[in-house]
file entry-v9.txt (compact mmCIF, C-alpha atoms)
# COMPACT_ATOMS: atom_id res chain seq x y z
CA MET C 67 -18.22 6.36 26.64
CA THR C 68 -15.90 3.84 24.96
CA LYS C 69 -12.39 5.13 24.36
CA PRO C 70 -11.55 4.75 20.65
CA GLY C 71 -8.72 2.40 19.79
CA ILE C 72 -7.54 -0.30 17.40
CA PRO C 73 -6.33 -3.87 18.05
CA LYS C 74 -2.69 -4.30 18.97
CA GLY C 75 -0.54 -5.10 15.98
CA THR C 76 -2.62 -2.98 13.60
CA ARG C 77 -2.17 0.64 12.50
CA ASP C 78 -4.01 3.62 11.08
CA PHE C 79 -2.35 5.38 8.16
CA SER C 80 -2.52 9.12 7.59
CA PRO C 81 -2.76 10.63 4.09
CA ASP C 82 1.03 11.13 4.08
CA ASP C 83 1.54 7.53 5.23
CA MET C 84 -0.78 6.28 2.50
CA ALA C 85 1.06 8.32 -0.12
CA ARG C 86 4.33 6.70 1.02
CA ARG C 87 2.76 3.23 1.05
CA ASN C 88 1.40 3.76 -2.44
CA TYR C 89 4.91 4.72 -3.55
CA ILE C 90 6.08 1.33 -2.24
CA PHE C 91 3.22 -0.57 -3.90
CA ASP C 92 3.61 1.31 -7.20
CA THR C 93 7.38 0.74 -7.31
CA ILE C 94 7.05 -3.00 -6.66
CA ARG C 95 4.08 -3.32 -9.03
CA THR C 96 6.07 -1.64 -11.81
CA VAL C 97 8.91 -4.14 -11.44
CA PHE C 98 6.48 -7.08 -11.31
CA LYS C 99 4.96 -5.93 -14.60
CA LEU C 100 8.39 -5.50 -16.19
CA TYR C 101 9.07 -9.18 -15.53
CA GLY C 102 5.76 -10.34 -17.02
CA TYR C 103 3.69 -10.97 -13.87
CA ALA C 104 -0.08 -10.45 -14.00
CA PRO C 105 -2.28 -9.31 -11.06
CA VAL C 106 -4.53 -11.64 -9.05
CA GLU C 107 -6.55 -11.11 -5.87
CA THR C 108 -8.02 -13.68 -3.48
CA PRO C 109 -10.47 -13.24 -0.56
CA ALA C 110 -9.30 -12.18 2.90
CA LEU C 111 -11.21 -15.22 4.20
CA GLU C 112 -10.24 -18.77 3.33
CA ASN C 113 -11.70 -22.05 4.51
CA LEU C 114 -9.65 -23.32 7.45
CA SER C 115 -9.28 -26.60 5.57
CA THR C 116 -7.30 -24.61 2.98
CA LEU C 117 -4.99 -23.02 5.57
CA LEU C 118 -4.41 -25.57 8.32
CA GLY C 119 -1.42 -27.89 8.04
CA LYS C 120 0.39 -25.80 5.40
CA TYR C 121 2.59 -23.67 7.65
CA GLY C 122 3.79 -26.14 10.24
CA GLU C 123 2.73 -26.45 13.85
CA GLU C 124 3.93 -22.96 14.79
CA GLY C 125 2.26 -21.38 11.78
CA ASP C 126 -1.07 -23.05 12.55
CA LYS C 127 -1.00 -21.47 16.02
CA LEU C 128 -0.81 -18.02 14.42
CA LEU C 129 -3.91 -18.40 12.26
CA PHE C 130 -6.78 -16.05 13.04
CA LYS C 131 -9.87 -18.26 13.14
CA ILE C 132 -13.30 -16.72 12.56
CA LEU C 133 -16.45 -17.79 14.38
CA ASN C 134 -19.22 -19.17 12.21
CA SER C 135 -22.08 -16.74 11.70
CA GLY C 136 -25.15 -17.00 13.90
CA ASP C 137 -24.95 -18.89 17.19
CA ALA C 138 -21.60 -20.54 16.59
CA PHE C 139 -21.65 -22.31 19.96
CA ALA C 140 -25.02 -24.00 19.52
CA GLY C 141 -24.63 -27.75 19.95
CA VAL C 142 -21.11 -27.54 21.41
CA THR C 143 -20.59 -30.27 24.00
CA ALA C 144 -18.83 -29.94 27.35
CA PRO C 145 -15.80 -32.04 26.26
CA GLU C 146 -15.40 -29.82 23.18
CA LEU C 147 -15.38 -26.71 25.39
CA GLU C 148 -12.38 -28.15 27.23
CA ASN C 149 -10.42 -28.96 24.05
CA SER C 150 -9.34 -25.86 22.10
CA ASN C 151 -8.70 -27.74 18.84
CA ALA C 152 -12.01 -29.56 19.00
CA LEU C 153 -13.79 -26.32 19.85
CA ALA C 154 -12.17 -24.45 16.97
CA ALA C 155 -13.12 -27.22 14.54
CA LYS C 156 -16.70 -27.03 15.73
CA VAL C 157 -17.27 -23.25 15.71
CA CYS C 158 -14.79 -22.00 13.07
CA GLU C 159 -14.87 -22.98 9.43
CA LYS C 160 -12.98 -19.97 8.07
CA GLY C 161 -9.83 -18.03 8.85
CA LEU C 162 -7.96 -14.92 7.77
CA ARG C 163 -5.25 -15.74 5.28
CA TYR C 164 -1.78 -16.20 6.81
CA ASP C 165 0.08 -15.54 3.58
CA LEU C 166 -0.64 -15.19 -0.14
CA THR C 167 1.09 -18.36 -1.38
CA VAL C 168 -1.31 -21.03 -0.08
CA PRO C 169 -4.38 -19.09 -1.31
CA PHE C 170 -2.58 -18.75 -4.65
CA ALA C 171 -2.08 -22.53 -4.83
CA ARG C 172 -5.79 -22.97 -4.09
CA TYR C 173 -6.59 -20.42 -6.81
CA VAL C 174 -4.43 -22.23 -9.38
CA VAL C 175 -6.17 -25.54 -8.74
CA GLN C 176 -9.65 -24.00 -8.91
CA HIS C 177 -8.89 -22.08 -12.10
CA GLN C 178 -6.48 -24.49 -13.78
CA ASN C 179 -8.57 -24.74 -16.95
CA ASP C 180 -8.36 -20.96 -17.44
CA ILE C 181 -4.61 -20.66 -16.83
CA SER C 182 -1.73 -20.95 -19.32
CA PHE C 183 1.28 -22.57 -17.66
CA PRO C 184 3.82 -21.49 -16.63
CA PHE C 185 1.66 -18.91 -14.89
CA LYS C 186 3.24 -15.73 -13.49
CA ARG C 187 1.12 -13.76 -11.05
CA TYR C 188 1.63 -10.95 -8.59
CA GLN C 189 -0.57 -10.14 -5.61
CA ILE C 190 -0.51 -7.13 -3.28
CA GLN C 191 -2.88 -7.69 -0.35
CA PRO C 192 -2.97 -7.78 3.46
CA VAL C 193 -2.40 -10.92 5.54
CA TRP C 194 -2.99 -11.59 9.23
CA ARG C 195 -1.01 -13.45 11.90
CA ALA C 196 -1.86 -13.84 15.58
CA ASP C 197 1.70 -12.98 16.53
CA ARG C 198 2.98 -11.01 19.51
CA PRO C 199 3.19 -7.39 18.29
CA GLN C 200 6.60 -5.73 18.50
CA LYS C 201 8.77 -3.39 16.47
CA GLY C 202 8.66 -4.48 12.85
CA ARG C 203 6.14 -7.26 13.57
CA TYR C 204 2.44 -6.67 13.03
CA ARG C 205 -0.75 -8.71 13.16
CA GLU C 206 -2.06 -7.12 9.98
CA PHE C 207 0.42 -6.33 7.24
CA TYR C 208 0.73 -6.23 3.47
CA GLN C 209 2.67 -8.66 1.34
CA CYS C 210 3.65 -8.05 -2.26
CA ASP C 211 4.09 -11.48 -3.84
CA ALA C 212 5.28 -12.66 -7.23
CA ASP C 213 5.13 -16.37 -8.11
CA VAL C 214 5.62 -18.45 -11.22
CA ILE C 215 4.00 -21.87 -11.17
CA GLY C 216 4.19 -24.71 -13.65
CA SER C 217 7.93 -24.59 -14.37
CA PRO C 218 10.83 -26.30 -12.55
CA SER C 219 13.45 -24.20 -14.37
CA LEU C 220 16.04 -22.49 -12.17
CA LEU C 221 15.90 -19.52 -14.53
CA ASN C 222 12.85 -18.54 -12.51
CA GLU C 223 14.98 -18.35 -9.34
CA VAL C 224 17.58 -16.30 -11.22
CA GLU C 225 14.98 -13.79 -12.40
CA LEU C 226 13.46 -13.53 -8.93
CA VAL C 227 16.87 -12.59 -7.53
CA GLN C 228 17.26 -9.99 -10.29
CA MET C 229 13.79 -8.69 -9.48
CA MET C 230 14.61 -8.35 -5.78
CA ASP C 231 17.79 -6.52 -6.73
CA GLU C 232 15.81 -4.17 -8.98
CA VAL C 233 13.15 -3.37 -6.37
CA PHE C 234 15.52 -2.49 -3.55
CA THR C 235 17.84 -0.57 -5.85
CA ARG C 236 14.89 1.57 -6.92
CA PHE C 237 14.12 2.20 -3.27
CA GLY C 238 17.72 3.21 -2.61
CA ILE C 239 18.03 0.60 0.15
CA GLY C 240 21.17 -1.45 0.61
CA VAL C 241 20.23 -5.08 1.27
CA THR C 242 21.72 -8.54 1.43
CA ILE C 243 19.85 -11.25 -0.46
CA LYS C 244 20.50 -14.52 1.33
CA ILE C 245 20.01 -17.84 -0.49
CA ASN C 246 19.95 -21.45 0.71
CA ASN C 247 18.27 -24.66 -0.40
CA ARG C 248 15.93 -26.90 1.58
CA LYS C 249 17.50 -29.96 -0.08
CA VAL C 250 20.82 -28.91 1.48
CA LEU C 251 19.07 -28.71 4.84
CA GLY C 252 17.59 -32.14 4.17
CA GLY C 253 21.11 -33.43 3.49
CA ILE C 254 22.34 -31.90 6.74
CA ALA C 255 19.52 -33.66 8.61
CA GLU C 256 20.61 -36.93 6.94
CA ILE C 257 24.22 -36.69 8.07
CA MET C 258 22.98 -35.71 11.55
CA GLY C 259 20.91 -38.90 11.62
CA ALA C 260 17.84 -36.73 12.19
CA THR C 261 15.92 -37.07 8.92
CA ASP C 262 12.69 -37.66 10.82
CA LYS C 263 13.23 -34.34 12.61
CA LEU C 264 13.90 -32.16 9.54
CA THR C 265 11.12 -29.74 10.48
CA ASP C 266 12.42 -29.39 14.03
CA VAL C 267 15.94 -28.76 12.72
CA THR C 268 14.87 -26.15 10.14
CA VAL C 269 12.51 -24.33 12.51
CA ALA C 270 15.28 -24.07 15.10
CA ILE C 271 18.18 -22.96 12.89
CA ASP C 272 15.94 -20.43 11.13
CA LYS C 273 15.96 -18.54 14.45
CA ILE C 274 19.74 -18.37 14.82
CA ASP C 275 19.89 -14.67 13.86
CA LYS C 276 17.13 -13.83 16.32
CA ILE C 277 17.99 -15.91 19.39
CA GLY C 278 21.63 -16.91 18.88
CA GLN C 279 23.49 -20.20 18.57
CA ASP C 280 23.19 -21.26 22.22
CA ALA C 281 19.42 -20.85 22.26
CA VAL C 282 19.14 -22.79 18.99
CA ILE C 283 21.14 -25.66 20.56
CA ASP C 284 18.82 -25.61 23.58
CA GLU C 285 15.79 -25.78 21.30
CA LEU C 286 17.27 -28.70 19.34
CA ARG C 287 17.95 -30.56 22.58
CA ALA C 288 14.37 -29.89 23.67
CA LYS C 289 13.29 -31.64 20.45
CA ASN C 290 15.32 -34.72 21.51
CA ILE C 291 18.08 -34.13 18.99
CA THR C 292 21.31 -35.58 20.38
CA ASP C 293 24.49 -33.66 21.11
CA THR C 294 26.29 -35.90 18.60
CA ALA C 295 23.86 -34.76 15.89
CA ILE C 296 24.18 -31.12 16.94
CA ARG C 297 27.98 -31.31 16.73
CA LYS C 298 27.64 -32.40 13.09
CA LEU C 299 25.35 -29.45 12.38
CA LEU C 300 27.37 -26.58 13.85
CA PRO C 301 30.38 -26.70 11.45
CA VAL C 302 27.96 -26.42 8.54
CA LEU C 303 26.33 -23.31 9.97
CA LEU C 304 29.72 -21.70 10.63
CA LEU C 305 31.26 -22.34 7.18
CA GLY C 306 33.20 -19.32 5.90
CA GLY C 307 34.65 -18.28 2.57
CA ASN C 308 33.15 -17.11 -0.71
CA THR C 309 30.34 -18.85 -2.57
CA ASP C 310 32.51 -21.42 -4.35
CA GLU C 311 34.49 -22.21 -1.18
CA LYS C 312 31.32 -22.74 0.82
CA LEU C 313 29.82 -24.99 -1.86
CA ASP C 314 33.04 -27.01 -2.20
CA ALA C 315 33.27 -27.53 1.57
CA LEU C 316 29.59 -28.41 1.72
CA THR C 317 30.00 -30.93 -1.11
CA ALA C 318 32.61 -32.77 0.94
CA ILE C 319 30.47 -32.71 4.08
CA LEU C 320 27.32 -33.92 2.31
CA SER C 321 29.02 -36.36 -0.05
CA SER C 322 26.89 -39.25 1.23
CA SER C 323 23.58 -37.43 0.75
CA VAL C 324 22.02 -37.54 -2.72
CA THR C 325 19.43 -34.96 -1.68
CA GLY C 326 22.04 -32.64 -0.23
CA LEU C 327 24.21 -32.84 -3.34
CA GLN C 328 21.21 -32.03 -5.53
CA GLY C 329 20.58 -28.91 -3.46
CA ILE C 330 24.24 -27.87 -3.79
CA GLU C 331 24.08 -28.29 -7.56
CA GLU C 332 20.95 -26.10 -7.70
CA LEU C 333 22.76 -23.40 -5.73
CA ARG C 334 25.76 -23.63 -8.07
CA THR C 335 23.48 -23.21 -11.08
CA ILE C 336 21.73 -20.14 -9.64
CA PHE C 337 24.97 -18.38 -8.72
CA SER C 338 26.79 -19.28 -11.93
CA THR C 339 23.87 -18.04 -14.04
CA LEU C 340 23.78 -14.76 -12.10
CA GLN C 341 27.56 -14.27 -12.34
CA PRO C 342 27.69 -12.58 -15.80
CA PHE C 343 25.01 -10.09 -14.77
CA PRO C 344 26.34 -7.85 -11.96
CA LEU C 345 23.80 -6.88 -9.31
CA ALA C 346 23.66 -3.70 -7.26
CA GLN C 347 22.87 -5.60 -4.07
CA THR C 348 24.85 -8.22 -2.13
CA VAL C 349 23.83 -11.84 -2.81
CA GLU C 350 25.26 -14.59 -0.62
CA ILE C 351 24.76 -18.15 0.56
CA ASP C 352 23.53 -18.41 4.15
CA LEU C 353 23.46 -22.00 5.33
CA SER C 354 21.60 -21.04 8.51
CA LEU C 355 18.69 -19.78 6.41
CA ALA C 356 15.85 -22.26 6.70
CA ARG C 357 12.55 -20.36 6.28
CA GLY C 358 10.04 -21.82 8.72
CA LEU C 359 7.26 -22.65 6.26
CA ASN C 360 6.88 -26.36 5.59
CA TYR C 361 5.98 -26.09 1.91
CA TYR C 362 9.43 -25.01 0.66
CA THR C 363 11.36 -27.76 -1.13
CA GLY C 364 14.24 -26.13 -3.03
CA ALA C 365 15.90 -22.71 -3.18
CA ILE C 366 14.91 -20.32 -0.39
CA PHE C 367 15.50 -16.57 -0.17
CA GLU C 368 15.56 -13.91 2.52
CA VAL C 369 16.31 -10.20 2.27
CA LYS C 370 17.90 -8.23 5.11
CA ALA C 371 18.31 -4.44 5.23
CA ASN C 372 21.98 -3.56 5.70
CA ASP C 373 21.53 -0.33 7.64
CA VAL C 374 18.43 -0.86 9.82
CA ALA C 375 18.00 -3.41 12.59
CA ILE C 376 14.75 -5.09 11.58
CA GLY C 377 13.63 -8.57 10.57
CA SER C 378 13.60 -9.80 6.99
CA ILE C 379 12.01 -7.41 4.50
CA GLY C 380 11.54 -10.03 1.81
CA GLY C 381 11.75 -13.76 1.29
CA GLY C 382 10.46 -16.75 -0.60
CA GLY C 383 11.44 -19.99 -2.22
CA ARG C 384 10.64 -23.04 -4.35
CA TYR C 385 7.68 -25.28 -3.55
CA ASP C 386 7.45 -28.41 -5.69
CA ASP C 387 3.98 -29.71 -4.97
CA LEU C 388 1.96 -27.20 -2.99
CA THR C 389 -0.96 -27.55 -5.38
CA GLY C 390 -0.86 -31.32 -4.80
CA ILE C 391 -2.61 -30.89 -1.43
CA PHE C 392 -5.55 -29.50 -3.39
CA GLY C 393 -5.52 -32.30 -5.97
CA LEU C 394 -3.25 -30.96 -8.74
CA LYS C 395 -0.01 -32.97 -8.63
CA ASN C 396 3.46 -32.32 -9.99
CA LEU C 397 3.18 -28.57 -10.46
CA SER C 398 6.31 -26.83 -9.22
CA GLY C 399 6.32 -23.17 -8.26
CA VAL C 400 8.67 -20.54 -6.88
CA GLY C 401 8.05 -17.05 -5.58
CA VAL C 402 9.17 -14.10 -3.51
CA SER C 403 7.34 -11.82 -1.11
CA PHE C 404 8.16 -8.22 -0.23
CA GLY C 405 7.10 -7.08 3.23
CA ALA C 406 5.62 -3.65 2.50
CA ASP C 407 5.24 -2.64 6.16
CA ARG C 408 8.86 -3.35 7.07
CA ILE C 409 10.05 -1.72 3.85
CA PHE C 410 8.03 1.32 4.93
CA ASP C 411 9.81 1.35 8.30
CA VAL C 412 13.23 1.01 6.64
CA LEU C 413 12.54 3.83 4.18
CA MET C 414 11.37 6.05 7.05
CA ALA C 415 14.42 5.20 9.19
CA LEU C 416 16.79 6.01 6.32
CA ASP C 417 14.78 9.02 5.09
CA LYS C 418 14.63 7.45 1.63
CA PHE C 419 11.13 8.44 0.58
CA PRO C 420 11.34 10.92 -2.31
CA ALA C 421 9.67 14.27 -1.62
CA ALA C 422 7.30 13.68 -4.52
CA ALA C 423 5.95 10.56 -2.80
CA THR C 424 3.83 12.63 -0.41
CA GLU C 425 2.96 15.36 -2.88
CA THR C 426 -0.70 15.11 -3.77
CA THR C 427 -2.27 18.44 -4.67
CA LYS C 428 0.02 20.48 -6.90
CA VAL C 429 -1.92 23.72 -6.85
CA LEU C 430 -4.66 25.23 -4.69
CA PHE C 431 -7.09 27.77 -6.14
CA LEU C 432 -7.95 30.35 -3.51
CA ASN C 433 -11.58 31.36 -2.98
CA PHE C 434 -12.49 35.08 -3.08
CA GLY C 435 -16.27 34.76 -3.46
CA THR C 436 -19.02 33.49 -5.73
CA GLN C 437 -17.95 34.97 -9.07
CA GLU C 438 -14.28 34.32 -8.46
CA SER C 439 -14.90 30.68 -7.45
CA LEU C 440 -16.96 30.08 -10.62
CA ARG C 441 -14.01 31.30 -12.69
CA ALA C 442 -11.68 29.13 -10.59
CA LEU C 443 -13.87 26.08 -11.22
CA ALA C 444 -13.64 26.67 -14.99
CA CYS C 445 -9.85 26.88 -14.74
CA LEU C 446 -9.74 23.81 -12.50
CA LYS C 447 -11.48 21.75 -15.16
CA GLU C 448 -8.76 22.59 -17.69
CA VAL C 449 -5.94 22.04 -15.19
CA ARG C 450 -7.25 18.64 -14.13
CA ALA C 451 -7.85 17.64 -17.76
CA ALA C 452 -4.11 18.16 -18.25
CA GLY C 453 -3.42 15.64 -15.45
CA ILE C 454 -2.42 18.21 -12.82
CA ALA C 455 -3.73 17.54 -9.29
CA ALA C 456 -5.57 20.66 -8.17
CA GLU C 457 -8.30 21.75 -5.80
CA ILE C 458 -10.18 24.84 -4.64
CA TYR C 459 -10.55 26.09 -1.09
CA PRO C 460 -14.27 25.56 -0.49
CA ASP C 461 -15.04 28.72 1.51
CA PRO C 462 -14.25 32.42 0.90
CA ALA C 463 -12.24 32.57 4.12
CA LYS C 464 -9.59 35.14 5.00
CA LEU C 465 -6.57 34.99 2.73
CA LYS C 466 -4.24 34.20 5.67
CA LYS C 467 -6.32 31.15 6.61
CA GLN C 468 -6.28 29.83 3.04
CA MET C 469 -2.53 30.33 2.76
CA GLU C 470 -1.95 28.53 6.07
CA PHE C 471 -4.05 25.65 4.79
CA ALA C 472 -1.83 25.39 1.69
CA ASN C 473 1.31 25.39 3.85
CA LYS C 474 0.00 22.72 6.23
CA ARG C 475 -0.88 20.52 3.27
CA ASN C 476 2.52 21.15 1.64
CA ILE C 477 0.80 22.38 -1.50
CA PRO C 478 3.61 24.05 -3.49
CA TYR C 479 1.51 26.54 -5.50
CA VAL C 480 -1.63 28.64 -5.08
CA VAL C 481 -3.65 30.41 -7.76
CA ILE C 482 -5.25 33.75 -7.06
CA ILE C 483 -8.27 34.78 -9.15
CA GLY C 484 -9.74 38.04 -7.96
CA ALA C 485 -11.72 40.76 -9.70
CA GLU C 486 -8.58 42.17 -11.37
CA GLU C 487 -7.51 38.77 -12.72
CA ILE C 488 -11.01 38.15 -14.11
CA GLN C 489 -10.98 41.54 -15.86
CA LYS C 490 -7.56 40.82 -17.45
CA ASN C 491 -8.46 37.16 -18.19
CA VAL C 492 -5.38 35.90 -16.32
CA VAL C 493 -4.56 34.02 -13.14
CA SER C 494 -1.88 34.83 -10.58
CA LEU C 495 0.36 31.85 -9.71
CA LYS C 496 2.29 32.03 -6.43
CA ASN C 497 5.18 29.74 -5.48
CA MET C 498 4.64 29.02 -1.78
CA GLN C 499 8.30 28.26 -1.15
CA SER C 500 9.99 31.20 -2.88
CA GLY C 501 7.10 33.66 -2.63
CA ASP C 502 7.44 34.50 -6.35
CA GLN C 503 4.17 35.47 -8.01
CA GLN C 504 3.34 36.11 -11.67
CA ASN C 505 0.34 36.61 -13.90
CA MET C 506 -0.35 34.30 -16.84
CA ASP C 507 -3.22 32.85 -18.79
CA ILE C 508 -4.52 29.39 -18.05
CA ARG C 509 -2.63 27.78 -20.95
CA GLU C 510 0.65 29.18 -19.68
CA LEU C 511 -0.16 27.94 -16.18
CA ILE C 512 -0.74 24.43 -17.47
CA GLN C 513 2.48 24.50 -19.50
CA SER C 514 4.44 25.56 -16.44
CA PHE C 515 3.53 22.28 -14.73
CA LEU C 516 4.14 19.96 -17.69
call {"tool": "encode", "arguments": {"input": "entry-v9.txt", "output": "structure tokens"}}
result
Amino acid sequence: MTKPGIPKGTRDFSPDDMARRNYIFDTIRTVFKLYGYAPVETPALENLSTLLGKYGEEGDKLLFKILNSGDAFAGVTAPELENSNALAAKVCEKGLRYDLTVPFARYVVQHQNDISFPFKRYQIQPVWRADRPQKGRYREFYQCDADVIGSPSLLNEVELVQMMDEVFTRFGIGVTIKINNRKVLGGIAEIMGATDKLTDVTVAIDKIDKIGQDAVIDELRAKNITDTAIRKLLPVLLLGGNTDEKLDALTAILSSSVTGLQGIEELRTIFSTLQPFPLAQTVEIDLSLARGLNYYTGAIFEVKANDVAIGSIGGGGRYDDLTGIFGLKNLSGVGVSFGADRIFDVLMALDKFPAAATETTKVLFLNFGTQESLRALACLKEVRAAGIAAEIYPDPAKLKKQMEFANKRNIPYVVIIGAEEIQKNVVSLKNMQSGDQQNMDIRELIQSFL
């Protein structure tokens, strides 16, 4: 007999877990709608040609590739069997989506004639990455994305920061929203004399919080970046002071880089526009923030929980021509993504889920037999019509068993309809926490819950 199990990096979710997850999705969805974003969904499967080459070399390694249907290995030659890339190209035409942004770019190009630009969409769906499972890192997880495409305005970045602030404030989580700009990183690569190694530089420094400065230096050296270049990088990463002081110091350092200065000016604009509108959360420049995905070109964001040791719980950035790889040029976009699974873990660690999040059934009608259950069903119809979640115990079991069921399910109220209640045309409502019990008619019962 096969022992039941699930793949590493995936999880089952109990009814209580699902109620909490739906609280997360509903909270984020509500904020998305407030800011004018409309829902879109794309398939779990994408053509590998859509996915490959969009996430950098490391990202491509984490793509889940799917064997072609039928005998996928028919016609595979011996040399192809010895070359993993050649084999994958031969037997896999599709893959599970790695994120929601690249499929969104594909969607925009395919449906461009039906879209009014700028186009604001949100998407709440699972993604898959062939990563090594560990705490806070899963192979299957949900992302909650909001993107606006077809506008280069930095007002979009400003509103995305405000939206992140709103979401985490509603959750009651203290976070730090970190902001940088890929143009600034490009300018740093210029002054290092390592423009041709921009990807290597950004991939390495993006790990500084995870592996530390010394390990980042070792990785840069492994990419043949000289010690002279590294010495020019380190002072930038260690800049202190407030936002204006950091930007002023950075302006002096990158004075010879047109690209770098453009990135600094974009950062100044974002922060100065936000300044008159106080935020509940901390927002700061982090010059070590790089975001590993290759398609970012401007402002980049990352959200860290202040009180729980876990990876980023949100992030995003500006991508100037992601749709260009699918044939639609000069269409700039920017977006953010909330990591629902890590947000779940943070809310659990901080005990921040509201009690109502896991409350499903409000009232349980007890079952005392055929006639009593028929009366209960008639009452249930009225209760449910009023929008109150209610159910009936399906069997005329012993009263103790039915009460224990209500307690295990955390159902706060039970309704008793026995022969006496039928004769008096009332129901008896019992509060399971206090033990209080009172008779009332069905209209009074409904009013008590509204």
call {"tool": "closest_residue", "arguments": {"input": "entry-v9.txt", "among": "C:Leu129, C:Leu394, C:Leu327, C:Ile257", "to": "C:Gln176", "atoms": "all atoms listed in the file"}}
result
C:Leu394
call {"tool": "atom_distance", "arguments": {"input": "entry-v9.txt", "atom1": "atom CA of C:Arg441", "atom2": "atom CA of C:Leu516"}}
result
22.0 Å
call {"tool": "closest_residue", "arguments": {"input": "entry-v9.txt", "among": "C:Ala423, C:Tyr361, C:Ala472, C:Phe185", "to": "C:Ile391", "atoms": "all atoms listed in the file"}}
result
C:Tyr361
call {"tool": "closest_residue", "arguments": {"input": "entry-v9.txt", "among": "C:Thr268, C:Asn113, C:Val250, C:Gly383", "to": "C:Ile330", "atoms": "all atoms listed in the file"}}
result
C:Val250
call {"tool": "closest_residue", "arguments": {"input": "entry-v9.txt", "among": "C:Ala318, C:Arg384, C:Val227, C:Lys298", "to": "C:Gln341", "atoms": "only C-alpha atoms"}}
result
C:Val227
call {"tool": "residues_around", "arguments": {"input": "entry-v9.txt", "residues": "C:Asp507", "least_positions_apart": "6", "cutoff": "8 Å", "atoms": "all atoms listed in the file", "output": "VMD selection string"}}
result
chain C and resid 491 to 493
call {"tool": "residues_around", "arguments": {"input": "entry-v9.txt", "residues": "C:Leu162", "least_positions_apart": "5", "cutoff": "8 Å", "atoms": "all atoms listed in the file", "output": "ChimeraX atom specification"}}
result
/C:110-112,129-132,193-194
